[in-house]
>>> print(open('coords-v4.pdb').read())   # PDB, C-alpha atoms and all ligand atoms
ATOM      1  CA  MET A   1       0.000   0.000   0.000  1.00  0.00           C
ATOM      2  CA  ALA A   2       2.504   2.590   1.186  1.00  0.00           C
ATOM      3  CA  SER A   3       5.955   2.150   2.690  1.00  0.00           C
ATOM      4  CA  LYS A   4       6.719   3.184   6.246  1.00  0.00           C
ATOM      5  CA  ALA A   5       8.706   6.145   4.941  1.00  0.00           C
ATOM      6  CA  LEU A   6       5.854   7.317   2.711  1.00  0.00           C
ATOM      7  CA  HIS A   7       3.331   6.874   5.519  1.00  0.00           C
ATOM      8  CA  GLN A   8       5.560   9.030   7.736  1.00  0.00           C
ATOM      9  CA  LYS A   9       5.826  11.685   5.019  1.00  0.00           C
ATOM     10  CA  LEU A  10       2.049  11.789   4.674  1.00  0.00           C
ATOM     11  CA  ASN A  11       1.690  12.251   8.420  1.00  0.00           C
ATOM     12  CA  GLU A  12       4.292  15.020   8.365  1.00  0.00           C
ATOM     13  CA  GLN A  13       2.418  16.746   5.544  1.00  0.00           C
ATOM     14  CA  ILE A  14      -0.670  17.031   7.762  1.00  0.00           C
ATOM     15  CA  THR A  15       1.497  18.911  10.268  1.00  0.00           C
ATOM     16  CA  HIS A  16       3.012  21.089   7.511  1.00  0.00           C
ATOM     17  CA  GLU A  17      -0.458  22.081   6.286  1.00  0.00           C
ATOM     18  CA  LEU A  18      -1.577  22.865   9.850  1.00  0.00           C
ATOM     19  CA  GLY A  19       1.642  24.863  10.284  1.00  0.00           C
ATOM     20  CA  ALA A  20       0.762  26.830   7.144  1.00  0.00           C
ATOM     21  CA  GLU A  21      -2.703  27.466   8.585  1.00  0.00           C
ATOM     22  CA  MET A  22      -1.135  28.881  11.768  1.00  0.00           C
ATOM     23  CA  GLN A  23       1.374  30.953   9.833  1.00  0.00           C
ATOM     24  CA  TYR A  24      -1.281  32.493   7.605  1.00  0.00           C
ATOM     25  CA  LEU A  25      -3.466  33.232  10.611  1.00  0.00           C
ATOM     26  CA  ALA A  26      -0.530  35.053  12.244  1.00  0.00           C
ATOM     27  CA  MET A  27      -0.105  37.081   9.029  1.00  0.00           C
ATOM     28  CA  SER A  28      -3.825  37.826   8.944  1.00  0.00           C
ATOM     29  CA  PHE A  29      -3.729  39.089  12.528  1.00  0.00           C
ATOM     30  CA  TRP A  30      -0.754  41.335  11.741  1.00  0.00           C
ATOM     31  CA  PHE A  31      -2.639  42.955   8.861  1.00  0.00           C
ATOM     32  CA  GLU A  32      -5.683  43.366  11.078  1.00  0.00           C
ATOM     33  CA  ARG A  33      -3.630  45.384  13.542  1.00  0.00           C
ATOM     34  CA  GLU A  34      -2.176  47.443  10.695  1.00  0.00           C
ATOM     35  CA  ASN A  35      -5.685  48.380   9.520  1.00  0.00           C
ATOM     36  CA  MET A  36      -5.511  46.458   6.280  1.00  0.00           C
ATOM     37  CA  PRO A  37      -8.707  44.392   6.393  1.00  0.00           C
ATOM     38  CA  GLY A  38      -8.481  43.194   2.790  1.00  0.00           C
ATOM     39  CA  MET A  39      -5.060  41.603   3.240  1.00  0.00           C
ATOM     40  CA  SER A  40      -6.095  40.285   6.634  1.00  0.00           C
ATOM     41  CA  ASN A  41      -9.127  38.678   5.020  1.00  0.00           C
ATOM     42  CA  TRP A  42      -7.039  37.203   2.214  1.00  0.00           C
ATOM     43  CA  PHE A  43      -4.656  35.496   4.663  1.00  0.00           C
ATOM     44  CA  ARG A  44      -7.528  34.268   6.774  1.00  0.00           C
ATOM     45  CA  LYS A  45      -9.034  32.623   3.701  1.00  0.00           C
ATOM     46  CA  GLN A  46      -5.644  31.107   2.897  1.00  0.00           C
ATOM     47  CA  ALA A  47      -5.451  29.725   6.431  1.00  0.00           C
ATOM     48  CA  ALA A  48      -8.858  28.076   5.980  1.00  0.00           C
ATOM     49  CA  GLU A  49      -7.635  26.514   2.730  1.00  0.00           C
ATOM     50  CA  GLU A  50      -4.544  25.123   4.458  1.00  0.00           C
ATOM     51  CA  HIS A  51      -6.818  23.588   7.088  1.00  0.00           C
ATOM     52  CA  GLU A  52      -8.791  21.931   4.282  1.00  0.00           C
ATOM     53  CA  HIS A  53      -5.543  20.581   2.800  1.00  0.00           C
ATOM     54  CA  ALA A  54      -4.660  18.963   6.138  1.00  0.00           C
ATOM     55  CA  MET A  55      -8.146  17.425   6.388  1.00  0.00           C
ATOM     56  CA  LYS A  56      -7.904  16.169   2.809  1.00  0.00           C
ATOM     57  CA  ILE A  57      -4.775  14.185   3.716  1.00  0.00           C
ATOM     58  CA  VAL A  58      -6.481  12.966   6.901  1.00  0.00           C
ATOM     59  CA  GLY A  59      -9.285  11.700   4.660  1.00  0.00           C
ATOM     60  CA  PHE A  60      -6.813   9.891   2.399  1.00  0.00           C
ATOM     61  CA  LEU A  61      -5.090   8.174   5.322  1.00  0.00           C
ATOM     62  CA  ASN A  62      -8.451   7.025   6.659  1.00  0.00           C
ATOM     63  CA  GLU A  63      -9.427   5.665   3.238  1.00  0.00           C
ATOM     64  CA  TRP A  64      -6.125   3.846   2.991  1.00  0.00           C
ATOM     65  CA  ASP A  65      -6.464   2.470   6.513  1.00  0.00           C
ATOM     66  CA  LEU A  66      -3.251   4.171   7.667  1.00  0.00           C
ATOM     67  CA  PRO A  67      -3.086   5.493  11.232  1.00  0.00           C
ATOM     68  CA  ILE A  68      -2.779   9.248  11.737  1.00  0.00           C
ATOM     69  CA  LEU A  69       0.066  10.102  14.096  1.00  0.00           C
ATOM     70  CA  LEU A  70      -0.721  13.750  14.644  1.00  0.00           C
ATOM     71  CA  LYS A  71       2.068  16.128  15.661  1.00  0.00           C
ATOM     72  CA  SER A  72       1.925  19.851  16.407  1.00  0.00           C
ATOM     73  CA  PRO A  73       3.439  22.329  13.980  1.00  0.00           C
ATOM     74  CA  PRO A  74       6.067  24.803  15.260  1.00  0.00           C
ATOM     75  CA  ASN A  75       4.909  28.225  16.477  1.00  0.00           C
ATOM     76  CA  PRO A  76       4.338  30.666  13.625  1.00  0.00           C
ATOM     77  CA  THR A  77       6.299  33.863  13.109  1.00  0.00           C
ATOM     78  CA  THR A  78       4.191  36.705  14.476  1.00  0.00           C
ATOM     79  CA  GLU A  79       6.372  39.765  13.948  1.00  0.00           C
ATOM     80  CA  PHE A  80       7.006  41.227  10.536  1.00  0.00           C
ATOM     81  CA  GLU A  81       8.758  44.260   9.156  1.00  0.00           C
ATOM     82  CA  ASN A  82       6.117  45.304   6.650  1.00  0.00           C
ATOM     83  CA  ALA A  83       3.494  44.059   4.206  1.00  0.00           C
ATOM     84  CA  GLU A  84       6.055  43.249   1.516  1.00  0.00           C
ATOM     85  CA  SER A  85       8.036  40.997   3.857  1.00  0.00           C
ATOM     86  CA  ILE A  86       4.845  39.050   4.583  1.00  0.00           C
ATOM     87  CA  PHE A  87       4.071  38.482   0.921  1.00  0.00           C
ATOM     88  CA  ALA A  88       7.698  37.477   0.325  1.00  0.00           C
ATOM     89  CA  ALA A  89       7.504  35.004   3.236  1.00  0.00           C
ATOM     90  CA  ALA A  90       4.207  33.633   1.902  1.00  0.00           C
ATOM     91  CA  LEU A  91       5.767  32.949  -1.513  1.00  0.00           C
ATOM     92  CA  ALA A  92       8.811  31.274   0.055  1.00  0.00           C
ATOM     93  CA  HIS A  93       6.456  29.199   2.195  1.00  0.00           C
ATOM     94  CA  GLU A  94       4.435  28.009  -0.797  1.00  0.00           C
ATOM     95  CA  GLN A  95       7.627  27.126  -2.674  1.00  0.00           C
ATOM     96  CA  GLY A  96       8.670  25.020   0.323  1.00  0.00           C
ATOM     97  CA  VAL A  97       5.307  23.238   0.340  1.00  0.00           C
ATOM     98  CA  THR A  98       5.590  22.539  -3.386  1.00  0.00           C
ATOM     99  CA  LYS A  99       8.880  20.791  -2.647  1.00  0.00           C
ATOM    100  CA  GLN A 100       7.261  18.682   0.095  1.00  0.00           C
ATOM    101  CA  ILE A 101       4.374  17.690  -2.195  1.00  0.00           C
ATOM    102  CA  THR A 102       6.755  16.831  -5.026  1.00  0.00           C
ATOM    103  CA  GLU A 103       8.717  14.571  -2.670  1.00  0.00           C
ATOM    104  CA  ILE A 104       5.570  12.671  -1.716  1.00  0.00           C
ATOM    105  CA  PHE A 105       4.638  12.371  -5.382  1.00  0.00           C
ATOM    106  CA  SER A 106       8.097  11.065  -6.324  1.00  0.00           C
ATOM    107  CA  MET A 107       8.112   8.544  -3.461  1.00  0.00           C
ATOM    108  CA  ALA A 108       4.646   7.309  -4.448  1.00  0.00           C
ATOM    109  CA  ARG A 109       5.790   6.803  -8.021  1.00  0.00           C
ATOM    110  CA  GLU A 110       8.989   5.065  -6.969  1.00  0.00           C
ATOM    111  CA  GLU A 111       7.150   2.492  -4.864  1.00  0.00           C
ATOM    112  CA  SER A 112       4.201   2.168  -7.278  1.00  0.00           C
ATOM    113  CA  ALA A 113       1.771   3.523  -4.678  1.00  0.00           C
ATOM    114  CA  TRP A 114      -0.510   4.657  -7.494  1.00  0.00           C
ATOM    115  CA  HIS A 115      -3.410   5.579  -5.203  1.00  0.00           C
ATOM    116  CA  VAL A 116      -1.107   8.072  -3.449  1.00  0.00           C
ATOM    117  CA  GLU A 117       0.172   9.413  -6.764  1.00  0.00           C
ATOM    118  CA  VAL A 118      -3.355   9.937  -8.090  1.00  0.00           C
ATOM    119  CA  ALA A 119      -4.495  11.591  -4.838  1.00  0.00           C
ATOM    120  CA  PHE A 120      -1.524  13.944  -4.852  1.00  0.00           C
ATOM    121  CA  GLN A 121      -2.064  15.070  -8.425  1.00  0.00           C
ATOM    122  CA  TRP A 122      -4.665  17.429  -6.957  1.00  0.00           C
ATOM    123  CA  PHE A 123      -2.014  18.916  -4.649  1.00  0.00           C
ATOM    124  CA  ILE A 124       0.449  19.394  -7.509  1.00  0.00           C
ATOM    125  CA  THR A 125      -2.164  21.420  -9.427  1.00  0.00           C
ATOM    126  CA  GLU A 126      -3.128  23.327  -6.279  1.00  0.00           C
ATOM    127  CA  GLN A 127       0.488  24.308  -5.587  1.00  0.00           C
ATOM    128  CA  VAL A 128       0.888  25.783  -9.078  1.00  0.00           C
ATOM    129  CA  GLU A 129      -2.114  28.020  -8.361  1.00  0.00           C
ATOM    130  CA  GLU A 130      -0.862  28.910  -4.870  1.00  0.00           C
ATOM    131  CA  GLU A 131       2.511  29.961  -6.233  1.00  0.00           C
ATOM    132  CA  VAL A 132       0.937  32.036  -9.018  1.00  0.00           C
ATOM    133  CA  ASN A 133      -1.197  33.913  -6.457  1.00  0.00           C
ATOM    134  CA  ALA A 134       1.715  34.417  -4.063  1.00  0.00           C
ATOM    135  CA  ARG A 135       3.948  35.701  -6.879  1.00  0.00           C
ATOM    136  CA  ASP A 136       1.233  38.077  -8.146  1.00  0.00           C
ATOM    137  CA  ASN A 137       0.673  39.487  -4.681  1.00  0.00           C
ATOM    138  CA  LEU A 138       4.380  40.038  -4.102  1.00  0.00           C
ATOM    139  CA  ALA A 139       4.780  41.760  -7.486  1.00  0.00           C
ATOM    140  CA  ARG A 140       1.804  44.029  -6.741  1.00  0.00           C
ATOM    141  CA  ILE A 141       2.874  45.007  -3.240  1.00  0.00           C
ATOM    142  CA  ARG A 142       6.297  45.891  -4.685  1.00  0.00           C
ATOM    143  CA  MET A 143       4.597  48.141  -7.254  1.00  0.00           C
ATOM    144  CA  VAL A 144       2.647  49.816  -4.454  1.00  0.00           C
ATOM    145  CA  GLY A 145       5.900  50.862  -2.759  1.00  0.00           C
ATOM    146  CA  ASN A 146       5.290  53.829  -0.443  1.00  0.00           C
ATOM    147  CA  ASN A 147       2.128  55.022  -2.156  1.00  0.00           C
ATOM    148  CA  PRO A 148      -0.726  54.991   0.423  1.00  0.00           C
ATOM    149  CA  ALA A 149      -3.460  55.318  -2.223  1.00  0.00           C
ATOM    150  CA  ALA A 150      -2.084  52.317  -4.098  1.00  0.00           C
ATOM    151  CA  LEU A 151      -1.826  50.379  -0.833  1.00  0.00           C
ATOM    152  CA  LEU A 152      -5.494  51.030  -0.027  1.00  0.00           C
ATOM    153  CA  GLU A 153      -6.456  50.032  -3.557  1.00  0.00           C
ATOM    154  CA  PHE A 154      -4.516  46.768  -3.277  1.00  0.00           C
ATOM    155  CA  ASP A 155      -6.084  46.123   0.119  1.00  0.00           C
ATOM    156  CA  ARG A 156      -9.537  46.617  -1.398  1.00  0.00           C
ATOM    157  CA  HIS A 157      -8.586  44.297  -4.253  1.00  0.00           C
ATOM    158  CA  LEU A 158      -7.675  41.497  -1.817  1.00  0.00           C
ATOM    159  CA  SER A 159     -10.892  41.860   0.159  1.00  0.00           C
ATOM    160  CA  ALA A 160     -12.902  40.707  -2.857  1.00  0.00           C
TER     161      ALA A 160
HETATM  162 FE    FE B 201      -1.505  23.671   1.492  1.00  0.00          FE
HETATM  163 FE    FE B 202      -0.796  26.902   0.408  1.00  0.00          FE
END
>>> encode(input="coords-v4.pdb", output="C-alpha cells")
Amino acid sequence: MASKALHQKLNEQITHELGAEMQYLAMSFWFERENMPGMSNWFRKQAAEEHEHAMKIVGFLNEWDLPILLKSPPNPTTEFENAESIFAAALAHEQGVTKQITEIFSMAREESAWHVEVAFQWFITEQVEEEVNARDNLARIRMVGNNPAALLEFDRHLSA
C-alpha cells in the first residue's frame, strides 16, 4: 500500500499544512492590527484553505487504513517588518510546500503507490495556483511601494 517512509511523510504533511494554517493566521492578525482588512481577510481565507488541505490528507489516510500520528506544527512567526516581507515570506512558504508535495509524489511513483500518486495530483495542481497567487501578490505590493493610495487600492482588491 505505502511504505513506512511514505506513511511518515504523509503524516508530516498534515502537520506542515496545519503549520501553514497557523502561519497564515498570524499574518492575517498582523494585517488586522495594521488596519488592512483586505489583506487580513485574504490570509484568513488562505489559512482556511490550508486547514482543508490537512483534512484532505487525513481523509486519504483514513481511506487507505493508515493510522494518523498527529504532531503539532512549530509556532508561527508573528512579527514582521512590513506588508512586503509578509508576501515574500508567503511565496517562500508556498515554494517550500511545493517541494514537500513533489517529494511525496516522487516517493509514491517510486514504490508504485498509485493511489497516493493519483491523490496527490490534486495537490500538484493546487500548488501551481498557490505559487501564481503568491507571486502576483508580491509583485503588486512591490509596485505599491510607499504610495498609500495604491496600498489602499490593493487592500480593497484582496478583500474581494
Ligand atoms: Fe496547502
Ligand atoms: Fe498553500
>>> closest_residue(input="coords-v4.pdb", among="A:Thr102, A:Gln23, A:Ser159, A:Asn147", to="ligand FE 202 (chain B)", atoms="all atoms listed in the file")
A:Gln23
>>> atom_distance(input="coords-v4.pdb", atom1="atom CA of A:Met143", atom2="atom CA of A:Asp155")
13.1 Å
>>> closest_residue(input="coords-v4.pdb", among="A:Ala2, A:Leu138, A:Leu18, A:Val144", to="A:Ala89", atoms="all atoms listed in the file")
A:Leu138
>>> residues_near_ligand(input="coords-v4.pdb", ligand="ligand FE 202 (chain B)", cutoff="12 Å", atoms="all atoms listed in the file", output="JSON, numbers by chain")
{"A": [13, 16, 17, 18, 19, 20, 21, 22, 23, 24, 43, 44, 45, 46, 47, 48, 49, 50, 51, 52, 53, 54, 89, 90, 91, 92, 93, 94, 95, 96, 97, 98, 99, 100, 101, 123, 124, 125, 126, 127, 128, 129, 130, 131, 132, 133, 134]}
>>> closest_residue(input="coords-v4.pdb", among="A:Trp64, A:Phe87, A:Phe80, A:Phe120", to="A:Arg142", atoms="all atoms listed in the file")
A:Phe87
>>> atom_distance(input="coords-v4.pdb", atom1="atom CA of A:Leu61", atom2="atom CA of A:Ala26")
28.1 Å
>>> closest_residue(input="coords-v4.pdb", among="A:Ala139, A:Gly38, A:Glu32, A:Trp122", to="ligand FE 201 (chain B)", atoms="only C-alpha atoms and all ligand atoms")
A:Trp122
>>> decode(input="coords-v4.pdb", residues="stretch 62-81 of chain A", atoms="N, CA, C and O atoms", output="PDB file, in the first residue's frame")
ATOM      1  N   ASN A  62      -7.333   7.847   6.182  1.00  0.00           N
ATOM      2  CA  ASN A  62      -8.451   7.025   6.659  1.00  0.00           C
ATOM      3  C   ASN A  62      -8.891   6.037   5.575  1.00  0.00           C
ATOM      4  O   ASN A  62      -9.089   4.860   5.864  1.00  0.00           O
ATOM      5  N   GLU A  63      -9.018   6.541   4.348  1.00  0.00           N
ATOM      6  CA  GLU A  63      -9.427   5.665   3.238  1.00  0.00           C
ATOM      7  C   GLU A  63      -8.425   4.538   3.031  1.00  0.00           C
ATOM      8  O   GLU A  63      -8.796   3.424   2.665  1.00  0.00           O
ATOM      9  N   TRP A  64      -7.173   4.841   3.235  1.00  0.00           N
ATOM     10  CA  TRP A  64      -6.125   3.846   2.991  1.00  0.00           C
ATOM     11  C   TRP A  64      -5.831   3.004   4.232  1.00  0.00           C
ATOM     12  O   TRP A  64      -4.878   2.222   4.255  1.00  0.00           O
ATOM     13  N   ASP A  65      -6.604   3.213   5.265  1.00  0.00           N
ATOM     14  CA  ASP A  65      -6.464   2.470   6.513  1.00  0.00           C
ATOM     15  C   ASP A  65      -5.068   2.638   7.142  1.00  0.00           C
ATOM     16  O   ASP A  65      -4.489   1.684   7.664  1.00  0.00           O
ATOM     17  N   LEU A  66      -4.555   3.855   7.052  1.00  0.00           N
ATOM     18  CA  LEU A  66      -3.251   4.171   7.667  1.00  0.00           C
ATOM     19  C   LEU A  66      -3.492   5.029   8.902  1.00  0.00           C
ATOM     20  O   LEU A  66      -4.251   6.000   8.830  1.00  0.00           O
ATOM     21  N   PRO A  67      -2.871   4.682  10.036  1.00  0.00           N
ATOM     22  CA  PRO A  67      -3.086   5.493  11.232  1.00  0.00           C
ATOM     23  C   PRO A  67      -2.535   6.916  11.087  1.00  0.00           C
ATOM     24  O   PRO A  67      -1.544   7.138  10.385  1.00  0.00           O
ATOM     25  N   ILE A  68      -3.222   7.847  11.743  1.00  0.00           N
ATOM     26  CA  ILE A  68      -2.779   9.248  11.737  1.00  0.00           C
ATOM     27  C   ILE A  68      -2.049   9.521  13.037  1.00  0.00           C
ATOM     28  O   ILE A  68      -2.619   9.389  14.123  1.00  0.00           O
ATOM     29  N   LEU A  69      -0.774   9.858  12.924  1.00  0.00           N
ATOM     30  CA  LEU A  69       0.066  10.102  14.096  1.00  0.00           C
ATOM     31  C   LEU A  69       0.294  11.608  14.160  1.00  0.00           C
ATOM     32  O   LEU A  69       1.310  12.120  13.698  1.00  0.00           O
ATOM     33  N   LEU A  70      -0.707  12.293  14.701  1.00  0.00           N
ATOM     34  CA  LEU A  70      -0.721  13.750  14.644  1.00  0.00           C
ATOM     35  C   LEU A  70       0.353  14.389  15.525  1.00  0.00           C
ATOM     36  O   LEU A  70       0.508  14.032  16.685  1.00  0.00           O
ATOM     37  N   LYS A  71       1.070  15.344  14.914  1.00  0.00           N
ATOM     38  CA  LYS A  71       2.068  16.128  15.661  1.00  0.00           C
ATOM     39  C   LYS A  71       1.775  17.606  15.475  1.00  0.00           C
ATOM     40  O   LYS A  71       1.249  18.009  14.441  1.00  0.00           O
ATOM     41  N   SER A  72       2.157  18.407  16.483  1.00  0.00           N
ATOM     42  CA  SER A  72       1.925  19.851  16.407  1.00  0.00           C
ATOM     43  C   SER A  72       2.923  20.517  15.488  1.00  0.00           C
ATOM     44  O   SER A  72       4.096  20.140  15.478  1.00  0.00           O
ATOM     45  N   PRO A  73       2.488  21.540  14.758  1.00  0.00           N
ATOM     46  CA  PRO A  73       3.439  22.329  13.980  1.00  0.00           C
ATOM     47  C   PRO A  73       4.212  23.272  14.908  1.00  0.00           C
ATOM     48  O   PRO A  73       3.769  23.512  16.037  1.00  0.00           O
ATOM     49  N   PRO A  74       5.349  23.811  14.444  1.00  0.00           N
ATOM     50  CA  PRO A  74       6.067  24.803  15.260  1.00  0.00           C
ATOM     51  C   PRO A  74       5.261  26.097  15.365  1.00  0.00           C
ATOM     52  O   PRO A  74       4.354  26.324  14.560  1.00  0.00           O
ATOM     53  N   ASN A  75       5.591  26.928  16.350  1.00  0.00           N
ATOM     54  CA  ASN A  75       4.909  28.225  16.477  1.00  0.00           C
ATOM     55  C   ASN A  75       5.150  29.068  15.230  1.00  0.00           C
ATOM     56  O   ASN A  75       6.248  29.053  14.685  1.00  0.00           O
ATOM     57  N   PRO A  76       4.149  29.813  14.798  1.00  0.00           N
ATOM     58  CA  PRO A  76       4.338  30.666  13.625  1.00  0.00           C
ATOM     59  C   PRO A  76       5.140  31.918  13.963  1.00  0.00           C
ATOM     60  O   PRO A  76       5.256  32.283  15.142  1.00  0.00           O
ATOM     61  N   THR A  77       5.679  32.546  12.943  1.00  0.00           N
ATOM     62  CA  THR A  77       6.299  33.863  13.109  1.00  0.00           C
ATOM     63  C   THR A  77       5.171  34.871  13.251  1.00  0.00           C
ATOM     64  O   THR A  77       4.199  34.825  12.489  1.00  0.00           O
ATOM     65  N   THR A  78       5.287  35.747  14.240  1.00  0.00           N
ATOM     66  CA  THR A  78       4.191  36.705  14.476  1.00  0.00           C
ATOM     67  C   THR A  78       4.615  38.162  14.250  1.00  0.00           C
ATOM     68  O   THR A  78       3.768  39.047  14.219  1.00  0.00           O
ATOM     69  N   GLU A  79       5.929  38.381  14.138  1.00  0.00           N
ATOM     70  CA  GLU A  79       6.372  39.765  13.948  1.00  0.00           C
ATOM     71  C   GLU A  79       6.967  39.928  12.559  1.00  0.00           C
ATOM     72  O   GLU A  79       7.772  39.100  12.125  1.00  0.00           O
ATOM     73  N   PHE A  80       6.563  40.989  11.916  1.00  0.00           N
ATOM     74  CA  PHE A  80       7.006  41.227  10.536  1.00  0.00           C
ATOM     75  C   PHE A  80       7.394  42.689  10.373  1.00  0.00           C
ATOM     76  O   PHE A  80       6.887  43.564  11.081  1.00  0.00           O
ATOM     77  N   GLU A  81       8.269  42.907   9.378  1.00  0.00           N
ATOM     78  CA  GLU A  81       8.758  44.260   9.156  1.00  0.00           C
ATOM     79  C   GLU A  81       7.707  45.116   8.466  1.00  0.00           C
ATOM     80  O   GLU A  81       7.474  46.264   8.846  1.00  0.00           O
TER      81      GLU A  81
END
